[in-house]
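First up is the structure itself, then whatever we jot down about it.
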Amino acid sequence: MDIKLSKNTEQMGLTLLLFLFFSVFLTPSLSQYHSPLNTAYYRRSCPRFEQIMQETTTNKQITSPTTAAATLRLFFHDCFVGGCDASVLVSSTPFNKAERDAEINLSLPGDGFDVVVRAKTALELACPGVVSCSDILAVAARNLVVQTGGPFYPVNLGRKDSFISKASLVEGNLPRPTMSMDQIINIFGSRGFSVQEMVALSGAHTIGFSHCKEFSSNLYNYNKTSQYDPSYNPRFAQALRNACNNFQKDPTLSVFNDVMSPNKFDNKYYQNLPKGLGLLSSDRGLFSDPRTRIHVEEYIRDQDAFFKAFASAMQKLSDHGVKIGRRGEIRHRCDAFNN
C-alpha cells in the first residue's frame with residue numbers, strides 16, 4: 001500500500017512538473033520570445049526551406065554574377081542599422097521615408113533586393129506566412145559567399161521582421177569610405193566587434209564594385225602637389241582616373257573593388273593593399289594603420305585564417321540585434337509592413 005501510494009505520488013508530481021514546464025515555458029508567446037535562434041527552425045514548418053534558398057540563390061547568381069556582392073552589402077546595411085531585421089528592404093510611403101531611401105543606401109544594387117523577392121515568392125508558395133524576410137536575407141548572403149568560393153558558416157534561424165524602417169536612423173550607423181580608421185573601429189566596436197573582426201568583415205570587398213563618385217575625391221585635384229591620393233599605386237590611379245573620367249555625367253560608372261579576382265571570394269583583396277591597389281581610402285587605411293595592419297598581414301599569408309575569421313564574424317553579425325517573438329512579424333511582402 002505504501003509502495004503503491006509512493007508510485008502514484010511520484011507520477012502525480014511528475015505530471016504536475018511537466019504541466020508547469022509546458023504552461024510556463026512553452027506557451028506560444030513566451031516560447032517565441034525566449035527561444036534562441038537555431039539552424040533547424042524551419043525543419044518542420046517549411047522542410048524545403050534550404051532547398052528553395054539554394055535553388056534561388058544559385059539561379060540568380062548564374063543569371064547576374066553581381067548578385068553575391070549586392071546581397072552581401074545589403075545584408076551589412078541591414079544588420080548595422082537596428083540589427084538583422086529586414087528593415088532595409090521596406091519601401092518608403094508618403095507617410096514614412098524608409099531606410100532604403102537614406103542617402104548612403106541609394107546606391108544599393110537591385111540584385112540584392114531581387115534575390116530576396118524571388119526567394120520570398122517561392123517560399124510563400126511552399127509554406128505561406130512561415131519564413132521571415134530577415135532569415136531569407138541572412139541565408140542568401142551566406143549561400144552567395146559560398147557560391148563565389150568563400151567559406152560556409154551556419155546561419156541560425158527564427159528572426160522576425162522589424163516593425164519600423166526609418167531613413168533618419170541610418171546616418172552615422174554605417175561605415176563610409178571617407179571615415180577615419182578611428183571612426184570605423186568605433187562603429188564596429190559599438191556593435192561588439194573587435195578590430196580583427198572588422199578587418200575580416202572588410203574582406204567582403206574581395207567581390208563586388210564601388211561607384212566612382214564614392215572615391216572620386218581621391219582621384220581628381222587631390223591636393224596642390226598631386227592630382228590623386230599618393231597612397232594609390234600610380235598606374236592604378238591613372239587607370240581609375242580614365243575609367244571614372246565621366247562619372248559626373250554618368251553616376252552609374254563603377255570599378256571592381258578587387259581588380260585581381262573581382263568575382264572570386266579569396267584573399268586577393270588583402271594582397272592588393274600593400275601594392276597600393278586598394279580602391280577605397282578605408283581599404284588602404286587597413287594597411288597603413290598599425291592596429292589593423294597586423295591582421296591584414298595575417299590574411300595576406302593565410303587565406304584559411306581569413307576564411308575562418310570571416311565565417312566566425314559573419315555568424316556573429318547574423319545574430320546581431322535580431323527580433324524574436326512579439327518584437328517582430330513575418331511579413332507577407334518583404335518591402336512592406338503587414339497591415
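Chains: A, B, ... in order of the C-alpha cells. Residues: from 1 per chain. Ligands: from 1, in order shown.
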Find the residues near stretch 275-287 of chain A: any atom within 9 Å, counting only C-alpha atoms, skip ones fewer than 2 places away on the same chain, and give them as a short mmCIF file (atom, residue, chain, number, x, y, z; two decimals) with all heavy atoms, in the first residue's frame.
data_model
loop_
_atom_site.label_atom_id
_atom_site.label_comp_id
_atom_site.auth_asym_id
_atom_site.auth_seq_id
_atom_site.Cartn_x
_atom_site.Cartn_y
_atom_site.Cartn_z
N ARG A 176 31.59 54.66 -43.71
CA ARG A 176 31.76 55.27 -45.04
C ARG A 176 33.23 55.20 -45.44
O ARG A 176 34.12 55.24 -44.57
CB ARG A 176 31.30 56.72 -45.02
CG ARG A 176 29.80 56.92 -44.92
CD ARG A 176 29.46 58.39 -44.89
NE ARG A 176 28.02 58.65 -44.87
CZ ARG A 176 27.27 58.80 -45.96
NH1 ARG A 176 27.84 58.71 -47.16
NH2 ARG A 176 25.98 59.04 -45.88
N PRO A 177 33.52 55.13 -46.74
CA PRO A 177 34.91 55.06 -47.20
C PRO A 177 35.75 56.27 -46.77
O PRO A 177 36.97 56.17 -46.66
CB PRO A 177 34.78 55.02 -48.73
CG PRO A 177 33.40 54.58 -49.00
CD PRO A 177 32.57 55.06 -47.86
N THR A 178 35.08 57.40 -46.54
CA THR A 178 35.79 58.63 -46.19
C THR A 178 36.07 58.75 -44.70
O THR A 178 36.75 59.68 -44.27
CB THR A 178 34.97 59.85 -46.64
OG1 THR A 178 33.65 59.74 -46.10
CG2 THR A 178 34.88 59.91 -48.17
N MET A 179 35.56 57.83 -43.90
CA MET A 179 35.75 57.91 -42.45
C MET A 179 37.18 57.57 -42.07
O MET A 179 37.87 56.80 -42.75
CB MET A 179 34.80 56.95 -41.73
CG MET A 179 33.36 57.42 -41.67
SD MET A 179 32.34 56.23 -40.75
CE MET A 179 30.79 57.12 -40.66
N SER A 180 37.62 58.13 -40.93
CA SER A 180 38.92 57.78 -40.39
C SER A 180 38.87 56.37 -39.81
O SER A 180 37.78 55.85 -39.53
CB SER A 180 39.32 58.77 -39.29
OG SER A 180 38.47 58.60 -38.15
N MET A 181 40.04 55.76 -39.62
CA MET A 181 40.05 54.41 -39.05
C MET A 181 39.49 54.42 -37.64
O MET A 181 38.84 53.46 -37.22
CB MET A 181 41.48 53.86 -39.06
CG MET A 181 41.56 52.36 -38.82
SD MET A 181 40.50 51.38 -39.93
CE MET A 181 41.20 51.79 -41.53
N ILE A 184 35.71 54.20 -38.00
CA ILE A 184 35.27 52.88 -38.45
C ILE A 184 35.40 51.86 -37.32
O ILE A 184 34.49 51.06 -37.08
CB ILE A 184 36.10 52.44 -39.69
CG1 ILE A 184 35.78 53.35 -40.88
CG2 ILE A 184 35.80 50.98 -40.04
CD1 ILE A 184 36.65 53.12 -42.09
N VAL A 199 38.40 43.86 -39.61
CA VAL A 199 39.30 43.62 -40.75
C VAL A 199 38.82 42.42 -41.56
O VAL A 199 38.82 42.44 -42.80
CB VAL A 199 40.75 43.42 -40.28
CG1 VAL A 199 41.65 43.06 -41.46
CG2 VAL A 199 41.27 44.68 -39.59
N SER A 202 35.77 43.33 -43.56
CA SER A 202 36.16 44.20 -44.68
C SER A 202 36.58 43.38 -45.89
O SER A 202 36.52 43.86 -47.02
CB SER A 202 37.30 45.13 -44.26
OG SER A 202 36.90 45.98 -43.21
N HIS A 205 35.01 42.96 -49.47
CA HIS A 205 35.35 43.74 -50.67
C HIS A 205 36.15 42.95 -51.69
O HIS A 205 36.54 43.49 -52.72
CB HIS A 205 36.12 45.01 -50.26
CG HIS A 205 35.25 46.09 -49.72
ND1 HIS A 205 35.73 47.29 -49.28
CD2 HIS A 205 33.90 46.14 -49.55
CE1 HIS A 205 34.72 48.05 -48.86
NE2 HIS A 205 33.61 47.36 -49.01
N SER A 210 32.44 49.40 -56.60
CA SER A 210 32.06 50.67 -55.98
C SER A 210 31.87 51.71 -57.06
O SER A 210 32.58 51.71 -58.08
CB SER A 210 33.14 51.14 -54.99
OG SER A 210 33.24 50.26 -53.90
N GLU A 214 32.01 57.52 -55.13
CA GLU A 214 32.36 57.21 -53.75
C GLU A 214 33.83 57.48 -53.45
O GLU A 214 34.20 57.63 -52.28
CB GLU A 214 32.02 55.75 -53.44
CG GLU A 214 30.52 55.44 -53.49
CD GLU A 214 30.25 53.97 -53.21
OE1 GLU A 214 30.91 53.39 -52.33
OE2 GLU A 214 29.38 53.39 -53.87
N PHE A 215 34.68 57.51 -54.48
CA PHE A 215 36.11 57.71 -54.22
C PHE A 215 36.73 58.73 -55.17
O PHE A 215 37.96 58.86 -55.24
CB PHE A 215 36.87 56.37 -54.33
CG PHE A 215 36.64 55.63 -55.63
CD1 PHE A 215 37.47 55.84 -56.72
CD2 PHE A 215 35.60 54.73 -55.75
CE1 PHE A 215 37.26 55.16 -57.91
CE2 PHE A 215 35.38 54.05 -56.94
CZ PHE A 215 36.22 54.26 -58.02
N ASN A 218 39.52 61.19 -54.27
CA ASN A 218 40.90 60.69 -54.18
C ASN A 218 41.59 60.64 -55.53
O ASN A 218 42.79 60.34 -55.59
CB ASN A 218 40.90 59.28 -53.57
CG ASN A 218 40.43 59.26 -52.14
OD1 ASN A 218 40.73 60.15 -51.36
ND2 ASN A 218 39.65 58.24 -51.79
N ASP A 229 45.44 60.71 -54.73
CA ASP A 229 45.97 60.29 -53.43
C ASP A 229 47.26 59.49 -53.66
O ASP A 229 47.24 58.45 -54.33
CB ASP A 229 44.92 59.43 -52.72
CG ASP A 229 45.33 59.06 -51.30
OD1 ASP A 229 46.53 59.03 -50.99
OD2 ASP A 229 44.41 58.76 -50.49
N PRO A 230 48.39 59.95 -53.12
CA PRO A 230 49.66 59.26 -53.37
C PRO A 230 49.75 57.86 -52.76
O PRO A 230 50.70 57.13 -53.06
CB PRO A 230 50.69 60.22 -52.73
CG PRO A 230 49.92 61.06 -51.78
CD PRO A 230 48.55 61.17 -52.33
N SER A 231 48.77 57.48 -51.93
CA SER A 231 48.79 56.11 -51.41
C SER A 231 48.36 55.09 -52.46
O SER A 231 48.54 53.89 -52.28
CB SER A 231 47.92 55.98 -50.16
OG SER A 231 46.55 56.23 -50.46
N TYR A 232 47.80 55.57 -53.57
CA TYR A 232 47.49 54.69 -54.71
C TYR A 232 48.77 54.30 -55.43
O TYR A 232 49.72 55.11 -55.53
CB TYR A 232 46.61 55.42 -55.73
CG TYR A 232 45.12 55.42 -55.47
CD1 TYR A 232 44.42 56.62 -55.41
CD2 TYR A 232 44.41 54.23 -55.33
CE1 TYR A 232 43.04 56.65 -55.22
CE2 TYR A 232 43.03 54.25 -55.13
CZ TYR A 232 42.36 55.46 -55.07
OH TYR A 232 41.00 55.47 -54.87
N ASN A 233 48.80 53.11 -55.98
CA ASN A 233 49.80 52.75 -56.98
C ASN A 233 49.60 53.70 -58.18
O ASN A 233 48.46 53.84 -58.65
CB ASN A 233 49.59 51.29 -57.40
CG ASN A 233 50.51 50.84 -58.50
OD1 ASN A 233 50.45 51.34 -59.62
ND2 ASN A 233 51.36 49.88 -58.19
N PRO A 234 50.65 54.38 -58.67
CA PRO A 234 50.47 55.39 -59.73
C PRO A 234 49.76 54.87 -60.98
O PRO A 234 48.88 55.55 -61.53
CB PRO A 234 51.91 55.81 -60.05
CG PRO A 234 52.66 55.54 -58.79
CD PRO A 234 52.04 54.31 -58.20
N PHE A 236 47.72 52.32 -61.16
CA PHE A 236 46.35 52.04 -60.77
C PHE A 236 45.53 53.33 -60.71
O PHE A 236 44.39 53.39 -61.20
CB PHE A 236 46.34 51.33 -59.41
CG PHE A 236 44.98 50.90 -58.92
CD1 PHE A 236 44.11 50.20 -59.74
CD2 PHE A 236 44.58 51.17 -57.62
CE1 PHE A 236 42.86 49.79 -59.29
CE2 PHE A 236 43.34 50.77 -57.14
CZ PHE A 236 42.48 50.07 -57.97
N ALA A 237 46.13 54.37 -60.15
CA ALA A 237 45.45 55.67 -60.05
C ALA A 237 45.11 56.21 -61.44
O ALA A 237 43.99 56.71 -61.66
CB ALA A 237 46.33 56.66 -59.30
N LEU A 240 42.22 54.28 -62.87
CA LEU A 240 40.96 54.67 -62.24
C LEU A 240 40.49 56.03 -62.77
O LEU A 240 39.29 56.23 -63.01
CB LEU A 240 41.13 54.75 -60.72
CG LEU A 240 41.32 53.42 -59.98
CD1 LEU A 240 41.59 53.68 -58.50
CD2 LEU A 240 40.12 52.51 -60.14
N VAL A 255 33.76 50.64 -60.51
CA VAL A 255 35.02 49.90 -60.66
C VAL A 255 35.02 48.74 -59.67
O VAL A 255 34.49 48.86 -58.56
CB VAL A 255 36.24 50.81 -60.38
CG1 VAL A 255 37.54 50.04 -60.51
CG2 VAL A 255 36.25 52.01 -61.33
N PHE A 256 35.63 47.61 -60.06
CA PHE A 256 35.71 46.46 -59.16
C PHE A 256 36.51 46.80 -57.91
O PHE A 256 37.54 47.48 -57.98
CB PHE A 256 36.36 45.26 -59.86
CG PHE A 256 35.48 44.60 -60.88
CD1 PHE A 256 35.91 44.47 -62.20
CD2 PHE A 256 34.23 44.10 -60.53
CE1 PHE A 256 35.10 43.86 -63.15
CE2 PHE A 256 33.43 43.48 -61.48
CZ PHE A 256 33.86 43.37 -62.78
N ASN A 257 36.05 46.31 -56.76
CA ASN A 257 36.78 46.52 -55.51
C ASN A 257 38.12 45.78 -55.51
O ASN A 257 39.11 46.27 -54.97
CB ASN A 257 35.94 46.04 -54.32
CG ASN A 257 34.73 46.91 -54.07
OD1 ASN A 257 34.78 48.11 -54.24
ND2 ASN A 257 33.64 46.28 -53.66
N ASP A 258 38.13 44.59 -56.09
CA ASP A 258 39.35 43.78 -56.17
C ASP A 258 39.66 43.58 -57.65
O ASP A 258 39.00 42.81 -58.34
CB ASP A 258 39.10 42.44 -55.47
CG ASP A 258 40.24 41.44 -55.66
OD1 ASP A 258 41.25 41.80 -56.29
OD2 ASP A 258 40.11 40.31 -55.17
N VAL A 259 40.67 44.30 -58.13
CA VAL A 259 40.94 44.29 -59.57
C VAL A 259 41.58 42.99 -60.04
O VAL A 259 41.61 42.71 -61.23
CB VAL A 259 41.86 45.47 -59.98
CG1 VAL A 259 41.13 46.79 -59.80
CG2 VAL A 259 43.17 45.46 -59.18
N TYR A 269 42.07 40.53 -52.04
CA TYR A 269 41.78 41.87 -51.56
C TYR A 269 42.88 42.37 -50.62
O TYR A 269 43.36 43.50 -50.75
CB TYR A 269 40.43 41.86 -50.83
CG TYR A 269 40.16 43.07 -49.96
CD1 TYR A 269 39.79 44.29 -50.51
CD2 TYR A 269 40.29 42.99 -48.57
CE1 TYR A 269 39.53 45.40 -49.70
CE2 TYR A 269 40.03 44.08 -47.76
CZ TYR A 269 39.66 45.29 -48.33
OH TYR A 269 39.42 46.37 -47.53
N TYR A 270 43.30 41.51 -49.71
CA TYR A 270 44.36 41.90 -48.76
C TYR A 270 45.71 41.99 -49.46
O TYR A 270 46.51 42.89 -49.16
CB TYR A 270 44.43 40.89 -47.61
CG TYR A 270 43.17 40.81 -46.80
CD1 TYR A 270 42.31 39.73 -46.93
CD2 TYR A 270 42.80 41.82 -45.92
CE1 TYR A 270 41.14 39.65 -46.19
CE2 TYR A 270 41.63 41.76 -45.18
CZ TYR A 270 40.80 40.67 -45.33
OH TYR A 270 39.64 40.61 -44.61
N GLN A 271 45.96 41.08 -50.39
CA GLN A 271 47.23 41.10 -51.12
C GLN A 271 47.39 42.36 -51.95
O GLN A 271 48.51 42.80 -52.22
CB GLN A 271 47.34 39.85 -52.00
CG GLN A 271 47.42 38.55 -51.21
CD GLN A 271 47.47 37.32 -52.09
OE1 GLN A 271 47.56 37.42 -53.31
NE2 GLN A 271 47.41 36.14 -51.48
N ASN A 272 46.27 42.96 -52.33
CA ASN A 272 46.32 44.19 -53.13
C ASN A 272 46.78 45.40 -52.29
O ASN A 272 47.36 46.35 -52.84
CB ASN A 272 44.94 44.51 -53.71
CG ASN A 272 44.51 43.52 -54.78
OD1 ASN A 272 45.33 42.85 -55.38
ND2 ASN A 272 43.22 43.45 -55.01
N LEU A 273 46.50 45.39 -51.01
CA LEU A 273 46.68 46.59 -50.19
C LEU A 273 48.13 47.08 -50.08
O LEU A 273 48.38 48.28 -50.24
CB LEU A 273 46.07 46.37 -48.80
CG LEU A 273 44.56 46.05 -48.78
CD1 LEU A 273 44.06 45.92 -47.34
CD2 LEU A 273 43.76 47.12 -49.53
N ASP A 289 47.32 51.65 -41.04
CA ASP A 289 47.11 51.78 -39.59
C ASP A 289 47.66 50.54 -38.89
O ASP A 289 47.28 49.41 -39.21
CB ASP A 289 45.61 51.93 -39.29
CG ASP A 289 45.34 52.33 -37.86
OD1 ASP A 289 45.72 51.57 -36.94
OD2 ASP A 289 44.75 53.42 -37.65
N PRO A 290 48.56 50.72 -37.90
CA PRO A 290 49.18 49.55 -37.24
C PRO A 290 48.19 48.66 -36.50
O PRO A 290 48.43 47.46 -36.33
CB PRO A 290 50.18 50.19 -36.27
CG PRO A 290 49.75 51.61 -36.10
CD PRO A 290 49.09 51.99 -37.40
N ARG A 291 47.05 49.21 -36.07
CA ARG A 291 46.05 48.40 -35.36
C ARG A 291 45.42 47.36 -36.27
O ARG A 291 45.01 46.28 -35.82
CB ARG A 291 44.97 49.31 -34.78
CG ARG A 291 45.43 50.23 -33.67
CD ARG A 291 44.34 51.25 -33.34
NE ARG A 291 44.10 52.19 -34.44
CZ ARG A 291 43.22 53.18 -34.39
NH1 ARG A 291 42.48 53.37 -33.31
NH2 ARG A 291 43.07 53.99 -35.43
N THR A 292 45.30 47.68 -37.54
CA THR A 292 44.65 46.78 -38.49
C THR A 292 45.66 46.04 -39.38
O THR A 292 45.37 44.95 -39.87
CB THR A 292 43.67 47.57 -39.38
OG1 THR A 292 44.35 48.70 -39.94
CG2 THR A 292 42.48 48.06 -38.57
N ARG A 293 46.81 46.65 -39.56
CA ARG A 293 47.81 46.09 -40.48
C ARG A 293 48.23 44.68 -40.07
O ARG A 293 48.42 43.80 -40.92
CB ARG A 293 49.04 47.00 -40.53
CG ARG A 293 50.13 46.51 -41.47
CD ARG A 293 51.23 47.55 -41.60
NE ARG A 293 52.25 47.14 -42.55
CZ ARG A 293 53.12 47.98 -43.09
NH1 ARG A 293 53.08 49.27 -42.79
NH2 ARG A 293 54.03 47.54 -43.94
N ILE A 294 48.34 44.43 -38.76
CA ILE A 294 48.78 43.12 -38.29
C ILE A 294 47.83 42.02 -38.76
O ILE A 294 48.24 40.91 -39.11
CB ILE A 294 48.91 43.12 -36.75
CG1 ILE A 294 49.47 41.79 -36.25
CG2 ILE A 294 47.56 43.42 -36.08
CD1 ILE A 294 49.79 41.79 -34.76
N HIS A 295 46.54 42.32 -38.81
CA HIS A 295 45.55 41.34 -39.26
C HIS A 295 45.55 41.21 -40.78
O HIS A 295 45.39 40.11 -41.32
CB HIS A 295 44.16 41.72 -38.75
CG HIS A 295 44.11 41.88 -37.26
ND1 HIS A 295 44.40 40.86 -36.38
CD2 HIS A 295 43.82 42.98 -36.48
CE1 HIS A 295 44.29 41.29 -35.13
NE2 HIS A 295 43.94 42.57 -35.17
N VAL A 296 45.74 42.34 -41.47
CA VAL A 296 45.86 42.30 -42.93
C VAL A 296 47.02 41.40 -43.33
O VAL A 296 46.88 40.56 -44.24
CB VAL A 296 46.05 43.72 -43.51
CG1 VAL A 296 46.40 43.64 -45.00
CG2 VAL A 296 44.81 44.57 -43.30
N GLU A 297 48.14 41.56 -42.66
CA GLU A 297 49.33 40.76 -42.99
C GLU A 297 49.09 39.28 -42.75
O GLU A 297 49.57 38.43 -43.51
CB GLU A 297 50.53 41.26 -42.18
CG GLU A 297 51.03 42.64 -42.66
CD GLU A 297 52.14 43.21 -41.80
OE1 GLU A 297 52.24 42.79 -40.61
OE2 GLU A 297 52.90 44.06 -42.29
#
Taking a cut-off of 9 Å and counting only C-alpha atoms, can you build a table that, for each residue of stretch 153-251 of chain A near stretch 98-113 of chain A, reports the nearest atom pair and how far apart they are in Å (one decimal), sorted by chain then residue number, as a tab-separated table?
residue	atom	partner	partner_atom	distance
A:Ile164	CA	A:Ala98	CA	8.3
A:Ser165	CA	A:Ala98	CA	5.0
A:Lys166	CA	A:Ala98	CA	4.4
A:Ala167	CA	A:Glu99	CA	4.0
A:Ser168	CA	A:Ala102	CA	7.3
A:Leu169	CA	A:Glu99	CA	7.5
A:Val170	CA	A:Glu99	CA	6.5
A:Glu171	CA	A:Ala102	CA	7.8
A:Leu174	CA	A:Ile104	CA	8.3
A:Arg176	CA	A:Ile104	CA	8.4
A:His211	CA	A:Ser107	CA	8.0
Give me the stretch 107-209 of chain A side of the contact with stretch 327-336 of chain A, cut-off 8 Å, one line per residue showing its nearest atom pair and distance in Å at one decimal, counting only C-alpha atoms, sorted by chain and residue number, as a Markdown table.
| residue | atom | partner | partner_atom | distance |
| --- | --- | --- | --- | --- |
| A:Val116 | CA | A:Cys334 | CA | 7.9 |
| A:Val117 | CA | A:Cys334 | CA | 7.0 |
| A:Lys120 | CA | A:Cys334 | CA | 7.6 |
| A:Gly129 | CA | A:Ile330 | CA | 6.4 |
| A:Val130 | CA | A:Ile330 | CA | 6.8 |
| A:Val131 | CA | A:Ile330 | CA | 6.6 |
| A:Ser132 | CA | A:Ile330 | CA | 4.9 |
| A:Cys133 | CA | A:Cys334 | CA | 5.7 |
| A:Lys160 | CA | A:Gly328 | CA | 4.7 |
| A:Asp161 | CA | A:Glu329 | CA | 5.1 |
| A:Ser162 | CA | A:Gly328 | CA | 5.0 |
| A:Phe163 | CA | A:Gly328 | CA | 6.0 |
Residue selection dump (all heavy atoms) as a compact mmCIF listing (two decimals), in the first residue's frame:
# COMPACT_ATOMS: atom_id res chain seq x y z
N VAL A 116 16.06 38.34 -52.81
CA VAL A 116 15.20 38.17 -51.64
C VAL A 116 13.74 38.04 -52.08
O VAL A 116 13.01 37.16 -51.59
CB VAL A 116 15.36 39.34 -50.66
CG1 VAL A 116 14.33 39.25 -49.53
CG2 VAL A 116 16.76 39.36 -50.07
N VAL A 117 13.32 38.88 -53.01
CA VAL A 117 11.93 38.83 -53.51
C VAL A 117 11.66 37.48 -54.17
O VAL A 117 10.60 36.86 -53.94
CB VAL A 117 11.67 39.98 -54.52
CG1 VAL A 117 10.33 39.79 -55.22
CG2 VAL A 117 11.71 41.32 -53.80
N LYS A 120 11.41 34.82 -51.42
CA LYS A 120 10.17 35.01 -50.66
C LYS A 120 8.96 34.51 -51.44
O LYS A 120 8.08 33.82 -50.88
CB LYS A 120 9.99 36.49 -50.30
CG LYS A 120 8.73 36.82 -49.51
CD LYS A 120 8.73 36.20 -48.12
CE LYS A 120 7.59 36.74 -47.27
NZ LYS A 120 7.48 36.02 -45.97
N GLY A 129 3.39 32.34 -45.06
CA GLY A 129 3.40 33.01 -43.77
C GLY A 129 4.35 32.43 -42.74
O GLY A 129 4.18 32.69 -41.55
N VAL A 130 5.34 31.68 -43.18
CA VAL A 130 6.21 30.98 -42.23
C VAL A 130 7.61 31.59 -42.14
O VAL A 130 8.15 31.78 -41.06
CB VAL A 130 6.32 29.47 -42.61
CG1 VAL A 130 7.39 28.78 -41.77
CG2 VAL A 130 4.98 28.78 -42.43
N VAL A 131 8.21 31.89 -43.30
CA VAL A 131 9.63 32.30 -43.34
C VAL A 131 9.75 33.82 -43.38
O VAL A 131 9.13 34.48 -44.21
CB VAL A 131 10.35 31.68 -44.55
CG1 VAL A 131 11.82 32.09 -44.56
CG2 VAL A 131 10.23 30.16 -44.52
N SER A 132 10.59 34.36 -42.51
CA SER A 132 10.77 35.81 -42.44
C SER A 132 11.73 36.30 -43.53
O SER A 132 12.59 35.56 -44.01
CB SER A 132 11.33 36.21 -41.08
OG SER A 132 12.66 35.73 -40.92
N CYS A 133 11.57 37.54 -43.89
CA CYS A 133 12.45 38.16 -44.88
C CYS A 133 13.87 38.30 -44.34
O CYS A 133 14.85 38.21 -45.08
CB CYS A 133 11.91 39.54 -45.27
SG CYS A 133 10.24 39.46 -45.97
N LYS A 160 12.52 37.55 -36.68
CA LYS A 160 11.30 38.18 -37.16
C LYS A 160 11.68 39.47 -37.87
O LYS A 160 12.77 40.01 -37.68
CB LYS A 160 10.36 38.48 -35.98
CG LYS A 160 9.82 37.24 -35.28
CD LYS A 160 8.91 36.44 -36.19
CE LYS A 160 8.36 35.20 -35.51
NZ LYS A 160 7.43 35.50 -34.43
N ASP A 161 10.77 39.96 -38.71
CA ASP A 161 10.99 41.20 -39.46
C ASP A 161 10.56 42.40 -38.63
O ASP A 161 9.60 42.33 -37.85
CB ASP A 161 10.19 41.15 -40.77
CG ASP A 161 10.59 39.97 -41.64
OD1 ASP A 161 11.78 39.61 -41.64
OD2 ASP A 161 9.71 39.40 -42.31
N SER A 162 11.26 43.51 -38.81
CA SER A 162 11.03 44.69 -37.98
C SER A 162 9.67 45.33 -38.24
O SER A 162 9.07 45.16 -39.29
CB SER A 162 12.13 45.73 -38.27
OG SER A 162 11.95 46.27 -39.57
N PHE A 163 9.25 46.11 -37.26
CA PHE A 163 8.03 46.92 -37.38
C PHE A 163 8.34 48.34 -37.87
O PHE A 163 7.42 49.08 -38.20
CB PHE A 163 7.32 47.02 -36.03
CG PHE A 163 6.68 45.74 -35.57
CD1 PHE A 163 6.96 45.22 -34.31
CD2 PHE A 163 5.80 45.05 -36.39
CE1 PHE A 163 6.37 44.05 -33.87
CE2 PHE A 163 5.20 43.87 -35.96
CZ PHE A 163 5.49 43.37 -34.70
List every residue of stretch 100-144 of chain A that has an atom at most 7 Å from any atom of stretch 49-61 of chain A, giving for each one its closest atom pair and the distance in Å to one decimal, counting only C-alpha atoms, sorted by chain and then by ascending residue number, as CSV.
residue,atom,partner,partner_atom,distance
A:Val115,CA,A:Lys60,CA,6.5
A:Arg118,CA,A:Thr56,CA,6.8
A:Ala119,CA,A:Thr56,CA,5.9
A:Ala140,CA,A:Thr57,CA,6.3
A:Asn143,CA,A:Thr57,CA,6.8
A:Leu144,CA,A:Thr57,CA,6.6
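Backbone DSSP over stretch 47-215 of chain A gives strand (DSSP E or B) for Thr93, Asn96, Leu157, Lys160, Asp161, Phe209, Ser210 and His211 of chain A.
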DSSP on the backbone: what in stretch 83-284 of chain A comes out helix (DSSP H, G or I), as number ranges by chain? A: 87-89, 99-101, 103-105, 110-126, 133-147, 167-169, 181-189, 195-206, 212-214, 216-218, 234-243, 268-275, 281-284
Neighbouring residues of A:Gly149 were defined as those with any atom within 8 Å, considering only C-alpha atoms; residues of the same chain fewer than 5 positions away were excluded. Please report them as a PDB file with N, CA, C and O atoms, in the first residue's frame.
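Result file is around-v3.pdb:
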ATOM      1  N   LYS A 264      35.692  36.393 -57.450  1.00  0.00           N
ATOM      2  CA  LYS A 264      36.060  35.230 -56.646  1.00  0.00           C
ATOM      3  C   LYS A 264      36.308  35.652 -55.207  1.00  0.00           C
ATOM      4  O   LYS A 264      37.053  36.606 -54.952  1.00  0.00           O
ATOM      5  N   PHE A 265      35.697  34.942 -54.282  1.00  0.00           N
ATOM      6  CA  PHE A 265      35.883  35.239 -52.866  1.00  0.00           C
ATOM      7  C   PHE A 265      37.193  34.595 -52.418  1.00  0.00           C
ATOM      8  O   PHE A 265      37.286  33.387 -52.258  1.00  0.00           O
ATOM      9  N   ASP A 266      38.227  35.423 -52.226  1.00  0.00           N
ATOM     10  CA  ASP A 266      39.544  34.934 -51.833  1.00  0.00           C
ATOM     11  C   ASP A 266      40.265  36.010 -51.026  1.00  0.00           C
ATOM     12  O   ASP A 266      39.654  37.004 -50.629  1.00  0.00           O
TER      13      ASP A 266
END
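Relative to atom CA of A:Leu317, atom CA of A:Leu74 is found at 13.0 Å.
Using only C-alpha atoms, the nearest neighbour of A:Cys212 within the list A:Asn267, A:Gln196, A:Gln238, A:Thr252 is A:Thr252.
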